[in-house]
>>> print(open('structure03.txt').read())   # compact mmCIF, C-alpha atoms
# COMPACT_ATOMS: atom_id res chain seq x y z
CA MET L 1 3.56 38.51 -36.27
CA GLY L 2 0.59 40.53 -35.07
CA GLY L 3 -1.79 37.61 -35.50
CA ASP L 4 0.63 35.23 -33.81
CA ASP L 5 1.08 37.63 -30.89
CA ALA L 6 -2.68 37.98 -30.48
CA ARG L 7 -3.11 34.21 -30.40
CA LEU L 8 -0.30 33.81 -27.91
CA ARG L 9 -1.97 36.38 -25.65
CA ALA L 10 -5.27 34.53 -26.05
CA VAL L 11 -3.64 31.26 -24.95
CA VAL L 12 -2.12 32.94 -21.89
CA SER L 13 -5.44 34.62 -21.03
CA LEU L 14 -7.31 31.31 -21.34
CA ALA L 15 -4.86 29.55 -19.02
CA GLN L 16 -5.01 32.36 -16.46
CA THR L 17 -8.80 32.64 -16.35
CA MET L 18 -9.23 28.89 -15.97
CA ALA L 19 -6.62 28.84 -13.19
CA ALA L 20 -8.47 31.65 -11.40
CA ALA L 21 -11.80 29.78 -11.43
CA HIS L 22 -12.86 28.51 -8.00
CA THR L 23 -15.41 25.90 -9.06
CA PRO L 24 -15.78 23.34 -11.87
CA ARG L 25 -18.57 25.39 -13.42
CA GLY L 26 -16.40 28.48 -13.31
CA CYS L 27 -13.62 26.53 -15.01
CA TRP L 28 -15.95 25.24 -17.74
CA ARG L 29 -17.33 28.72 -18.39
CA ALA L 30 -13.84 30.24 -18.52
CA ALA L 31 -12.75 27.57 -21.00
CA ALA L 32 -15.70 28.12 -23.33
CA LEU L 33 -15.60 31.92 -23.22
CA GLY L 34 -11.82 32.06 -23.58
CA ALA L 35 -11.81 29.74 -26.60
CA CYS L 36 -14.74 31.60 -28.14
CA GLU L 37 -12.90 34.92 -27.90
CA ALA L 38 -9.58 33.45 -29.07
CA LEU L 39 -11.16 32.01 -32.22
CA GLY L 40 -13.39 34.98 -32.96
CA GLY L 41 -16.54 32.95 -32.43
CA SER L 42 -19.97 33.98 -31.25
CA PHE L 43 -20.78 30.82 -29.30
CA ALA L 44 -18.87 28.03 -27.58
CA ALA L 45 -19.70 24.85 -25.70
CA LEU L 46 -17.74 22.36 -23.63
CA SER L 47 -18.94 18.76 -23.58
CA VAL L 48 -17.78 15.58 -21.84
CA TRP L 49 -17.86 12.15 -23.43
CA GLU L 50 -19.64 9.73 -21.10
CA ARG L 51 -18.39 6.42 -22.48
CA GLY L 52 -20.45 4.22 -20.20
CA ARG L 53 -23.65 5.88 -21.33
CA GLY L 54 -22.63 6.33 -24.97
CA ARG L 55 -23.29 10.04 -25.10
CA LEU L 56 -21.87 13.56 -25.15
CA ARG L 57 -23.13 15.69 -22.25
CA VAL L 58 -22.94 19.46 -22.58
CA LEU L 59 -21.43 21.09 -19.51
CA VAL L 60 -21.69 24.74 -20.54
CA ASN L 61 -23.03 26.91 -23.37
CA ALA L 62 -21.34 30.32 -23.55
CA GLY L 63 -21.74 33.38 -25.74
CA GLU L 64 -24.75 34.05 -27.97
CA ARG L 65 -27.06 31.17 -27.08
CA ALA L 66 -29.92 30.12 -29.33
CA ASP L 67 -33.46 29.54 -28.08
CA GLY L 68 -33.55 26.60 -25.70
CA GLU L 69 -29.82 26.62 -24.94
CA GLU L 70 -29.08 27.03 -21.24
CA GLU L 71 -25.75 28.19 -19.86
CA PHE L 72 -25.41 25.16 -17.60
CA PRO L 73 -27.89 22.61 -18.97
CA ASP L 74 -29.04 19.84 -16.66
CA GLU L 75 -29.59 17.27 -19.37
CA GLU L 76 -28.43 18.39 -22.82
CA VAL L 77 -27.02 15.15 -24.21
CA TYR L 78 -26.31 13.73 -27.64
CA PRO L 79 -26.00 9.99 -28.35
CA VAL L 80 -22.63 9.27 -29.95
CA HIS L 81 -24.20 7.05 -32.59
CA ARG L 82 -25.57 10.26 -34.10
CA PHE L 83 -22.03 11.70 -34.13
CA PRO L 84 -19.81 8.95 -35.59
CA GLU L 85 -16.78 11.23 -35.68
CA ILE L 86 -16.74 11.24 -31.87
CA THR L 87 -15.30 7.75 -31.66
CA GLU L 88 -13.16 8.34 -34.75
CA PHE L 89 -11.58 11.64 -33.76
CA LEU L 90 -11.65 11.11 -30.00
CA HIS L 91 -10.31 7.59 -30.04
CA GLU L 92 -9.34 5.74 -33.19
CA ARG L 93 -7.32 8.46 -34.91
CA TRP L 94 -4.99 9.13 -32.00
CA ALA L 95 -5.06 5.89 -30.00
CA GLY L 96 -2.20 4.53 -32.09
CA GLY L 97 -0.04 7.61 -31.67
CA GLY L 98 -1.80 10.12 -33.92
CA GLU L 99 -2.81 13.62 -32.92
CA PRO L 100 -6.39 14.54 -31.89
CA ASP L 101 -6.76 17.29 -34.51
CA ALA L 102 -9.70 19.67 -34.65
CA TRP L 103 -11.97 19.88 -37.68
CA VAL L 104 -14.43 22.33 -39.22
CA GLU L 105 -18.09 22.00 -40.15
CA THR L 106 -20.23 24.43 -42.15
CA ALA L 107 -23.97 24.84 -42.45
CA ALA L 108 -23.58 24.12 -46.18
CA GLY L 109 -21.79 20.85 -45.48
CA PRO L 110 -18.38 19.91 -46.86
CA GLU L 111 -17.51 20.42 -50.49
CA PRO L 112 -15.92 17.64 -52.54
CA GLY L 113 -12.20 17.33 -51.95
CA ASP L 114 -12.06 19.39 -48.74
CA GLY L 115 -10.55 16.57 -46.70
CA GLY L 116 -7.91 18.99 -45.41
CA VAL L 117 -10.55 20.52 -43.13
CA HIS L 118 -13.55 18.22 -42.84
CA GLY L 119 -12.16 14.84 -43.69
CA TYR L 120 -15.42 13.58 -45.22
CA GLY L 121 -16.35 12.78 -48.81
CA PRO L 122 -19.02 14.10 -51.18
CA GLY L 123 -22.65 13.79 -50.20
CA TYR L 124 -21.78 14.09 -46.51
CA CYS L 125 -24.70 15.09 -44.27
CA HIS L 126 -24.35 15.21 -40.52
CA GLN L 127 -26.16 16.07 -37.31
CA ARG L 128 -23.75 18.94 -36.68
CA VAL L 129 -24.65 20.48 -40.04
CA ALA L 130 -28.34 20.18 -39.19
CA ALA L 131 -27.71 21.74 -35.78
CA LEU L 132 -25.85 24.69 -37.35
CA ARG L 133 -28.76 25.35 -39.69
CA ARG L 134 -31.34 24.91 -36.94
CA ARG L 135 -29.60 27.41 -34.67
CA GLY L 136 -28.74 29.97 -37.31
CA ARG L 137 -24.98 29.43 -37.24
CA GLY L 138 -22.76 29.35 -40.27
CA CYS L 139 -19.82 27.20 -39.19
CA CYS L 140 -18.10 25.58 -36.24
CA VAL L 141 -14.76 24.15 -35.27
CA VAL L 142 -14.66 21.06 -33.04
CA ALA L 143 -11.53 20.26 -31.02
CA PRO L 144 -11.14 16.97 -29.11
CA ILE L 145 -9.99 17.28 -25.48
CA VAL L 146 -7.58 14.65 -24.19
CA LEU L 147 -7.15 14.32 -20.42
CA HIS L 148 -4.88 11.85 -18.62
CA GLY L 149 -4.12 10.18 -21.94
CA ARG L 150 -7.77 9.49 -22.73
CA ALA L 151 -10.42 11.18 -24.81
CA TRP L 152 -12.37 13.37 -22.37
CA GLY L 153 -14.72 15.37 -24.56
CA GLU L 154 -14.76 18.28 -26.97
CA LEU L 155 -14.51 22.03 -27.33
CA TYR L 156 -16.98 23.50 -29.84
CA VAL L 157 -16.83 27.07 -31.17
CA ALA L 158 -19.26 28.52 -33.75
CA ARG L 159 -19.65 31.65 -35.84
CA PRO L 160 -22.90 33.14 -37.17
CA VAL L 161 -24.12 32.98 -40.75
CA GLY L 162 -22.24 35.51 -42.85
CA ALA L 163 -19.09 35.47 -40.74
CA PRO L 164 -15.84 34.12 -42.23
CA VAL L 165 -15.69 30.34 -42.22
CA PHE L 166 -13.08 28.72 -40.00
CA ASP L 167 -10.06 27.54 -41.98
CA ARG L 168 -7.24 25.04 -41.42
CA ALA L 169 -5.23 27.55 -39.38
CA ASP L 170 -8.24 28.09 -37.10
CA ALA L 171 -8.61 24.33 -36.67
CA ASP L 172 -4.93 24.00 -35.77
CA PHE L 173 -5.27 26.82 -33.24
CA ALA L 174 -8.38 25.17 -31.79
CA THR L 175 -6.27 22.04 -31.21
CA VAL L 176 -3.81 24.15 -29.21
CA LEU L 177 -6.64 25.73 -27.22
CA ALA L 178 -8.08 22.28 -26.45
CA ALA L 179 -4.72 21.27 -24.96
CA VAL L 180 -4.75 24.38 -22.76
CA VAL L 181 -8.32 23.58 -21.69
CA ALA L 182 -7.26 20.02 -20.83
CA ALA L 183 -4.50 21.36 -18.57
CA GLY L 184 -6.98 23.67 -16.84
CA LEU L 185 -9.46 20.84 -16.34
CA ALA L 186 -6.74 18.65 -14.82
CA GLN L 187 -5.85 21.41 -12.36
CA THR L 188 -9.52 21.85 -11.41
CA GLU L 189 -9.83 18.10 -10.82
CA ARG L 190 -6.83 18.19 -8.50
CA LEU L 191 -8.21 21.17 -6.58
CA GLU L 192 -11.61 19.50 -6.26
CA GLU L 193 -9.96 16.38 -4.89
CA VAL L 194 -8.04 18.44 -2.32
CA ARG L 195 -11.22 20.31 -1.43
CA LYS L 196 -13.09 17.05 -1.06
CA LEU L 197 -10.44 15.68 1.28
CA ALA L 198 -10.47 18.89 3.31
CA PHE L 199 -14.25 18.83 3.82
CA THR L 200 -15.00 15.09 3.97
CA ASP L 201 -14.87 12.60 6.83
CA PRO L 202 -12.66 9.77 5.54
CA LEU L 203 -14.49 6.95 7.34
CA THR L 204 -18.12 7.70 6.48
CA GLY L 205 -17.76 9.88 3.39
CA LEU L 206 -20.02 12.47 5.03
CA ALA L 207 -19.09 16.13 5.42
CA ASN L 208 -16.75 16.96 8.30
CA ARG L 209 -16.84 19.67 10.97
CA ARG L 210 -15.05 22.21 8.78
CA ALA L 211 -17.73 21.82 6.10
CA VAL L 212 -20.49 22.22 8.69
CA ASP L 213 -19.00 25.43 10.06
CA LEU L 214 -18.81 26.99 6.59
CA ARG L 215 -22.30 25.88 5.58
CA LEU L 216 -23.77 27.03 8.90
CA ASP L 217 -22.27 30.50 8.48
CA GLU L 218 -23.77 30.69 4.97
CA ALA L 219 -27.15 29.46 6.21
CA LEU L 220 -27.28 32.06 8.98
CA GLU L 221 -26.41 34.82 6.52
CA ARG L 222 -29.37 33.68 4.44
CA HIS L 223 -31.52 33.62 7.58
CA ARG L 224 -30.60 37.22 8.36
CA ALA L 225 -31.25 38.26 4.76
CA ASP L 226 -34.59 36.59 4.05
CA GLY L 227 -35.66 34.81 7.24
CA ALA L 228 -34.98 31.29 5.96
CA VAL L 229 -35.30 28.76 8.78
CA VAL L 230 -32.00 27.20 9.87
CA SER L 231 -32.12 23.95 11.83
CA LEU L 232 -29.30 21.96 13.39
CA VAL L 233 -29.70 18.36 14.57
CA VAL L 234 -26.87 16.91 16.69
CA CYS L 235 -26.69 13.15 17.28
CA ASP L 236 -24.58 11.01 19.58
CA LEU L 237 -24.39 7.33 18.63
CA ASN L 238 -25.08 5.36 21.79
CA GLY L 239 -23.01 2.35 22.79
CA LEU L 240 -20.04 2.84 20.47
CA LYS L 241 -17.48 2.36 23.28
CA ARG L 242 -19.14 -0.91 24.29
CA VAL L 243 -19.00 -2.15 20.69
CA ASN L 244 -15.33 -1.15 20.37
CA ASP L 245 -14.43 -2.81 23.67
CA THR L 246 -16.42 -5.99 22.99
CA HIS L 247 -16.07 -6.53 19.25
CA GLY L 248 -13.08 -4.39 18.26
CA HIS L 249 -12.67 -1.06 16.53
CA ALA L 250 -13.21 -2.52 13.05
CA VAL L 251 -16.76 -3.47 14.06
CA GLY L 252 -17.21 -0.06 15.69
CA ASP L 253 -16.14 1.60 12.45
CA ARG L 254 -18.72 -0.41 10.54
CA LEU L 255 -21.39 0.77 12.98
CA LEU L 256 -20.31 4.38 12.38
CA GLU L 257 -20.48 3.81 8.62
CA ARG L 258 -23.93 2.25 8.85
CA PHE L 259 -25.26 5.12 10.93
CA GLY L 260 -23.68 7.56 8.47
CA SER L 261 -25.65 5.91 5.69
CA VAL L 262 -28.87 6.15 7.72
CA LEU L 263 -28.18 9.84 8.41
CA SER L 264 -27.50 10.49 4.73
CA ARG L 265 -30.74 8.75 3.68
CA CYS L 266 -32.82 10.69 6.18
CA GLY L 267 -31.10 13.96 5.33
CA ALA L 268 -31.97 13.48 1.67
CA ILE L 269 -35.62 14.04 2.59
CA LEU L 270 -34.76 17.68 3.31
CA PRO L 271 -33.72 19.61 0.16
CA GLY L 272 -30.13 20.79 0.42
CA ALA L 273 -29.51 19.38 3.90
CA LEU L 274 -25.93 18.57 4.91
CA ALA L 275 -25.19 15.32 6.74
CA ALA L 276 -21.90 15.33 8.65
CA ARG L 277 -19.75 13.52 11.16
CA LEU L 278 -18.42 15.96 13.74
CA GLY L 279 -15.93 13.45 15.13
CA GLY L 280 -15.94 10.28 17.23
CA ASP L 281 -19.53 9.17 17.76
CA GLU L 282 -21.03 12.61 17.07
CA PHE L 283 -22.95 13.46 13.90
CA CYS L 284 -25.17 16.31 12.76
CA LEU L 285 -27.70 17.31 10.15
CA LEU L 286 -27.90 20.93 8.97
CA ALA L 287 -30.92 22.21 7.04
CA ALA L 288 -31.65 25.69 5.69
CA GLY L 289 -35.11 26.40 4.29
CA PRO L 290 -37.43 23.61 5.53
CA GLU L 291 -39.73 24.46 8.42
CA ALA L 292 -38.75 23.30 11.89
CA ASP L 293 -41.56 20.72 12.04
CA GLU L 294 -40.26 19.10 8.84
CA VAL L 295 -36.81 18.75 10.38
CA VAL L 296 -38.26 17.36 13.61
CA ALA L 297 -40.10 14.71 11.57
CA VAL L 298 -36.86 13.71 9.83
CA ALA L 299 -34.97 13.66 13.13
CA THR L 300 -37.68 11.41 14.57
CA GLU L 301 -37.34 9.01 11.64
CA LEU L 302 -33.58 9.09 12.11
CA CYS L 303 -33.97 8.00 15.74
CA GLU L 304 -36.30 5.18 14.73
CA ARG L 305 -33.96 3.89 12.02
CA ALA L 306 -30.91 4.15 14.27
CA ALA L 307 -32.65 2.06 16.93
CA GLY L 308 -32.75 -0.84 14.47
CA LEU L 309 -29.00 -0.88 13.73
CA GLU L 310 -27.35 -4.18 14.64
CA LEU L 311 -25.06 -3.93 17.72
CA GLY L 312 -26.01 -0.29 18.19
CA ASN L 313 -28.09 1.22 20.95
CA GLY L 314 -29.83 4.00 19.05
CA VAL L 315 -28.91 7.68 19.18
CA ALA L 316 -29.37 10.63 21.47
CA CYS L 317 -30.69 13.40 19.26
CA GLY L 318 -31.00 17.12 19.98
CA MET L 319 -32.20 19.91 17.73
CA ALA L 320 -32.19 23.69 17.64
CA SER L 321 -33.95 25.77 14.99
CA THR L 322 -34.49 29.44 14.24
CA GLY L 323 -38.08 28.40 13.56
CA ASP L 324 -38.59 27.82 17.29
CA PRO L 325 -38.51 30.33 20.19
CA ILE L 326 -34.79 30.16 21.00
CA GLY L 327 -34.21 33.89 21.44
CA PRO L 328 -33.20 36.73 19.10
CA ASP L 329 -29.44 36.26 19.45
CA VAL L 330 -28.90 33.58 16.81
CA SER L 331 -25.28 32.75 16.03
CA ALA L 332 -23.52 29.59 14.90
CA ARG L 333 -22.06 29.13 18.37
CA ARG L 334 -25.43 29.52 20.10
CA LEU L 335 -27.23 27.22 17.68
CA PHE L 336 -24.61 24.53 18.30
CA ARG L 337 -24.81 25.12 22.06
CA LEU L 338 -28.60 24.74 22.07
CA ALA L 339 -28.58 21.63 19.85
CA ASP L 340 -25.84 20.10 21.96
CA ALA L 341 -27.71 20.86 25.21
CA ALA L 342 -30.83 19.27 23.72
CA GLN L 343 -28.81 16.22 22.72
CA TYR L 344 -27.31 16.02 26.23
CA ARG L 345 -30.79 16.11 27.73
CA ALA L 346 -31.99 13.40 25.30
CA LYS L 347 -29.06 11.21 26.32
CA ALA L 348 -29.64 11.74 30.03
CA ALA L 349 -33.35 10.90 29.64
CA ARG L 350 -32.61 7.98 27.25
CA SER L 351 -35.18 9.53 24.94
CA ALA L 352 -36.13 7.56 21.84
CA ARG L 353 -37.16 10.82 20.15
CA PRO L 354 -35.32 14.06 19.49
CA VAL L 355 -35.34 16.75 22.16
CA VAL L 356 -35.93 20.19 20.64
CA ALA L 357 -34.63 23.45 22.07
CA GLY L 358 -37.42 25.99 22.46
CA ARG L 359 -39.96 23.23 22.90
CA ASP L 360 -38.29 22.02 26.08
CA GLY L 361 -37.64 24.93 28.43
CA GLU L 362 -35.01 22.98 30.31
CA VAL L 363 -32.78 22.98 27.23
CA ILE L 364 -32.63 26.78 27.03
CA ARG L 365 -31.75 26.96 30.72
CA LEU L 366 -29.14 24.25 30.32
CA ALA L 367 -27.51 25.98 27.35
CA ASP L 368 -27.51 29.43 28.92
CA SER L 369 -26.42 28.48 32.45
CA PRO L 370 -22.65 28.06 32.88
CA PRO L 371 -20.91 25.81 33.49
CA GLN L 372 -22.12 23.47 30.76
CA PRO L 373 -22.19 19.73 31.35
CA PRO L 374 -18.84 18.04 30.73
CA HIS L 375 -20.06 16.52 27.47
CA ASP L 376 -21.20 19.97 26.25
CA ARG L 377 -17.98 21.68 27.32
CA ARG L 378 -15.87 19.15 25.46
CA ARG L 379 -17.41 20.03 22.11
CA LEU L 380 -17.96 23.75 22.62
CA ARG L 381 -14.32 24.33 23.44
CA GLY L 382 -12.95 25.54 20.11
CA SER L 383 -15.92 24.11 18.23
CA HIS L 384 -16.48 27.20 16.10
CA PRO L 385 -14.55 30.32 15.13
CA GLU L 386 -16.92 32.35 17.31
CA ALA L 387 -16.15 30.24 20.37
>>> encode(input="structure03.txt", output="structure tokens")
Amino acid sequence: MGGDDARLRAVVSLAQTMAAAHTPRGCWRAAALGACEALGGSFAALSVWERGRGRLRVLVNAGERADGEEEFPDEEVYPVHRFPEITEFLHERWAGGGEPDAWVETAAGPEPGDGGVHGYGPGYCHQRVAALRRRGRGCCVVAPIVLHGRAWGELYVARPVGAPVFDRADADFATVLAAVVAAGLAQTERLEEVRKLAFTDPLTGLANRRAVDLRLDEALERHRADGAVVSLVVCDLNGLKRVNDTHGHAVGDRLLERFGSVLSRCGAILPGALAARLGGDEFCLLAAGPEADEVVAVATELCERAAGLELGNGVACGMASTGDPIGPDVSARRLFRLADAAQYRAKAARSARPVVAGRDGEVIRLADSPPQPPHDRRRLRGSHPEA
């Protein structure tokens, strides 16, 4: 009973640690480490089967990694034609109602008549065997992961040379662990979908105001820690009401979507920038790291591209950056107030280029002199937790 109790505790621990993970990567790592510990392995990996590309892509390597193995590899992939058992075990054997059982490989390769574990005949030689030898591992157990009724990928756990070889009981337990991992992955997918809905504008697919507030707080913390430049560009799409009144809201929505695409394309020039729709006809671009002049150049290109949108009338664009002389008191609320005041001034002047706080003294005065213009007051009221 002691061994059964230990395995039951391992299953519970695996489920709990995956449930406690806050990100997909955290979930993958918890799955690999939990399975590795439960099976007494030294190394574990979680891989997803990308059917459309005909390959297995490794999501995480956990435990004692060999040379060249990264914890979260960017591009560690294996063509499935080199692993014929992928389609056999992850599809054919259970598609007709069978069970996706785990199997064992050893660095020595299977012995004749060991079909109870490996399922392959004499003379078998396989890429997994070569990989075990190459990385100094003695054996592994591979468990298919089934998610939403379809083969999703695999759980791989290895032991070093000299350690006891996995047996049939280990393979059966690995099958159980793979089912627990599948449940954890499904929960993470659901949470990610909820998170995406909570932080995404449904019309344009851009980030929403909630996402901007969180990212801006993080960016300003980084600014205070290491001086990274934080820049905020606020845009107001001109002429949207006229389009709605003349052509209907469906056409107005298409204009918003088109501008969202332009904003996203321009934002991609700045590493890590966040493109967002604040609401109505108001958009923004948040960048942390690039110099202010780089952001001004992107904002200028944004204005030029927006001017060419069919039915539109360009954008009024304002910018505020910690890289410009905007004063020592830099907070999320003040940065928004300055960018919004700059945007208001650009709109009033019908400027075809962005107006930048700190480079236009009138903007600082406008932002710091109450009462703000009606347009500015409308957004600043409740626009940020600090407001």
>>> residues_around(input="structure03.txt", residues="L:Arg7", least_positions_apart="6", cutoff="12 Å", atoms="all atoms listed in the file", output="ChimeraX atom specification")
/L:1,13-14,34-35,37-40,169-170,172-174,176-177
>>> atom_distance(input="structure03.txt", atom1="atom CA of L:Leu203", atom2="atom CA of L:Leu263")
14.0 Å
>>> atom_distance(input="structure03.txt", atom1="atom CA of L:Cys139", atom2="atom CA of L:Ala163")
8.4 Å
>>> closest_residue(input="structure03.txt", among="L:Arg137, L:Arg345, L:Arg222, L:Arg334", to="L:Arg65", atoms="all atoms listed in the file")
L:Arg137
>>> residues_around(input="structure03.txt", residues="L:Thr175", least_positions_apart="2", cutoff="8 Å", atoms="all atoms listed in the file", output="count of residues only")
11
>>> closest_residue(input="structure03.txt", among="L:Asp340, L:Asp253, L:Asp67, L:Asp329", to="L:Gly280", atoms="all atoms listed in the file")
L:Asp253
>>> closest_residue(input="structure03.txt", among="L:Leu240, L:Val251, L:Leu232, L:Val161", to="L:Ala339", atoms="all atoms listed in the file")
L:Leu232
>>> atom_distance(input="structure03.txt", atom1="atom CA of L:Val262", atom2="atom CA of L:Asp236")
13.5 Å
>>> closest_residue(input="structure03.txt", among="L:Gly3, L:Pro79, L:Gly361, L:Gly260", to="L:Pro202", atoms="all atoms listed in the file")
L:Gly260
>>> closest_residue(input="structure03.txt", among="L:Val233, L:Ala108, L:Asp74, L:Trp103", to="L:Asp167", atoms="all atoms listed in the file")
L:Trp103
>>> residues_around(input="structure03.txt", residues="L:Ala346", least_positions_apart="2", cutoff="7 Å", atoms="only C-alpha atoms", output="list in words")
Ala316, Cys317, Gly318, Ala342, Gln343, Tyr344, Ala348, Ala349, Arg350, Ser351, Pro354 and Val355 of chain L
>>> residues_near_point(input="structure03.txt", point="(-25.2, 28.1, -18.0)", cutoff="7 Å", atoms="all atoms listed in the file", output="list in words")
Val60, Asn61, Glu70, Glu71, Phe72 and Pro73 of chain L
>>> residues_around(input="structure03.txt", residues="L:Ala66", least_positions_apart="4", cutoff="12 Å", atoms="only C-alpha atoms", output="ChimeraX atom specification")
/L:42-44,61-62,70-71,131-137,158,160
>>> residues_around(input="structure03.txt", residues="L:Gly279", least_positions_apart="6", cutoff="9 Å", atoms="all atoms listed in the file", output="JSON, numbers by chain")
{"L": [201, 208, 209]}
